[in-house]
Amino acid sequence: MTAVKICPAADIAVNQPLKVTIEGVPIAVVKDSAGTVHAIGDTCSHGEIALSEGFVEDDTLECWAHGSKFELTTGKPKNFPAFEPVPVYSVTITDGDVYIDPTPLVIS
Ligand code: FES
């Protein structure tokens, strides 16, 4: 698929997830404390909870419902109850704007 323009990177607050929907795909956009922007599937793999309503801690996004933390770069859970990863997506910054391709990256 084609990357979709989201917003200026400067408009995304550090450690405050932003929910976007691209072609029907819910995605949590997170700018970490180093300023890197990540795109991670917004639906927790353990339940129908929006991860964008959770908390950013270190390099993870934590589900507020039961506490599983998902790595921002891989989508892999670091703790139970979730044991399946959520997808992650390609982020590019062009002329200061964030673009996300809603095709899940293949993580080994
Ligand atoms: S719904 Fe996210 S950990 Fe249970």
# chains A, B, ... in the order shown; residues from 1 in each chain; ligands from 1
>>> residues_near_ligand(ligand="ligand 1", cutoff="10 Å", atoms="only C-alpha atoms and all ligand atoms", output="PyMOL selection string")
chain A and resi 43-51+54+62-70+77+79-83
>>> select_by_dssp(residues="chain A", states="strand (DSSP E)", output="VMD selection string")
chain A and resid 4 to 8 18 to 22 25 to 31 37 to 41 55 to 57 60 to 62 69 to 71 88 to 94 97 to 104
>>> residues_around(residues="Val29 in chain A", least_positions_apart="5", cutoff="6 Å", atoms="only C-alpha atoms", output="mmCIF file with N, CA, C and O atoms, in the first residue's frame")
data_model
loop_
_atom_site.group_PDB
_atom_site.id
_atom_site.type_symbol
_atom_site.label_atom_id
_atom_site.label_comp_id
_atom_site.auth_asym_id
_atom_site.auth_seq_id
_atom_site.Cartn_x
_atom_site.Cartn_y
_atom_site.Cartn_z
ATOM 1 N N PRO A 17 0.212 8.717 23.016
ATOM 2 C CA PRO A 17 -0.231 8.024 21.807
ATOM 3 C C PRO A 17 -1.341 8.781 21.082
ATOM 4 O O PRO A 17 -2.228 9.368 21.704
ATOM 5 N N LEU A 18 -1.241 8.744 19.775
ATOM 6 C CA LEU A 18 -2.231 9.372 18.908
ATOM 7 C C LEU A 18 -2.889 8.263 18.085
ATOM 8 O O LEU A 18 -2.188 7.504 17.419
ATOM 9 N N HIS A 38 6.818 6.034 16.083
ATOM 10 C CA HIS A 38 6.497 4.630 15.831
ATOM 11 C C HIS A 38 5.019 4.514 15.465
ATOM 12 O O HIS A 38 4.195 5.328 15.890
ATOM 13 N N ALA A 39 4.697 3.456 14.726
ATOM 14 C CA ALA A 39 3.303 3.148 14.408
ATOM 15 C C ALA A 39 3.066 1.688 14.750
ATOM 16 O O ALA A 39 3.744 0.792 14.245
#
>>> closest_residue(among="A:Ala28, A:Ile22, A:Val106, A:Val98", to="Ala9 in chain A", atoms="only C-alpha atoms")
A:Val98
>>> residues_around(residues="Val20 in chain A", least_positions_apart="5", cutoff="9 Å", atoms="only C-alpha atoms", output="JSON, numbers by chain")
{"A": [6, 25, 26, 27, 28, 29, 42]}
>>> write_last_selection(atoms="N, CA and C atoms", output="PDB file, in the first residue's frame")
ATOM      1  N   ILE A   6       0.066  11.786   7.783  1.00  0.00           N
ATOM      2  CA  ILE A   6      -0.693  11.870   9.030  1.00  0.00           C
ATOM      3  C   ILE A   6      -0.777  13.302   9.537  1.00  0.00           C
ATOM      4  N   VAL A  25      -7.606   0.600   9.136  1.00  0.00           N
ATOM      5  CA  VAL A  25      -6.664  -0.014  10.077  1.00  0.00           C
ATOM      6  C   VAL A  25      -6.409   0.945  11.240  1.00  0.00           C
ATOM      7  N   PRO A  26      -6.780   0.545  12.476  1.00  0.00           N
ATOM      8  CA  PRO A  26      -6.501   1.419  13.622  1.00  0.00           C
ATOM      9  C   PRO A  26      -5.041   1.303  14.042  1.00  0.00           C
ATOM     10  N   ILE A  27      -4.395   2.437  14.163  1.00  0.00           N
ATOM     11  CA  ILE A  27      -2.958   2.481  14.447  1.00  0.00           C
ATOM     12  C   ILE A  27      -2.698   3.502  15.558  1.00  0.00           C
ATOM     13  N   ALA A  28      -1.843   3.115  16.497  1.00  0.00           N
ATOM     14  CA  ALA A  28      -1.386   4.043  17.530  1.00  0.00           C
ATOM     15  C   ALA A  28      -0.044   4.618  17.088  1.00  0.00           C
ATOM     16  N   VAL A  29       0.021   5.927  17.023  1.00  0.00           N
ATOM     17  CA  VAL A  29       1.252   6.615  16.644  1.00  0.00           C
ATOM     18  C   VAL A  29       1.883   7.151  17.925  1.00  0.00           C
ATOM     19  N   ASP A  42      -3.299  -0.659  16.931  1.00  0.00           N
ATOM     20  CA  ASP A  42      -3.966  -0.043  18.086  1.00  0.00           C
ATOM     21  C   ASP A  42      -4.811  -1.017  18.886  1.00  0.00           C
TER      22      ASP A  42
END
>>> residues_around(residues="Asn15 in chain A", least_positions_apart="3", cutoff="12 Å", atoms="only C-alpha atoms", output="count of residues only")
25
>>> residues_around(residues="Pro87 in chain A", least_positions_apart="5", cutoff="7 Å", atoms="only C-alpha atoms", output="ChimeraX atom specification")
/A:40-41,75,104
>>> atom_distance(atom1="CA of Asp11 in chain A", atom2="CA of Pro102 in chain A")
20.2 Å
>>> atom_distance(atom1="CA of Pro85 in chain A", atom2="CA of Thr73 in chain A")
11.1 Å
>>> atom_distance(atom1="CA of Lys5 in chain A", atom2="CA of Tyr89 in chain A")
13.4 Å
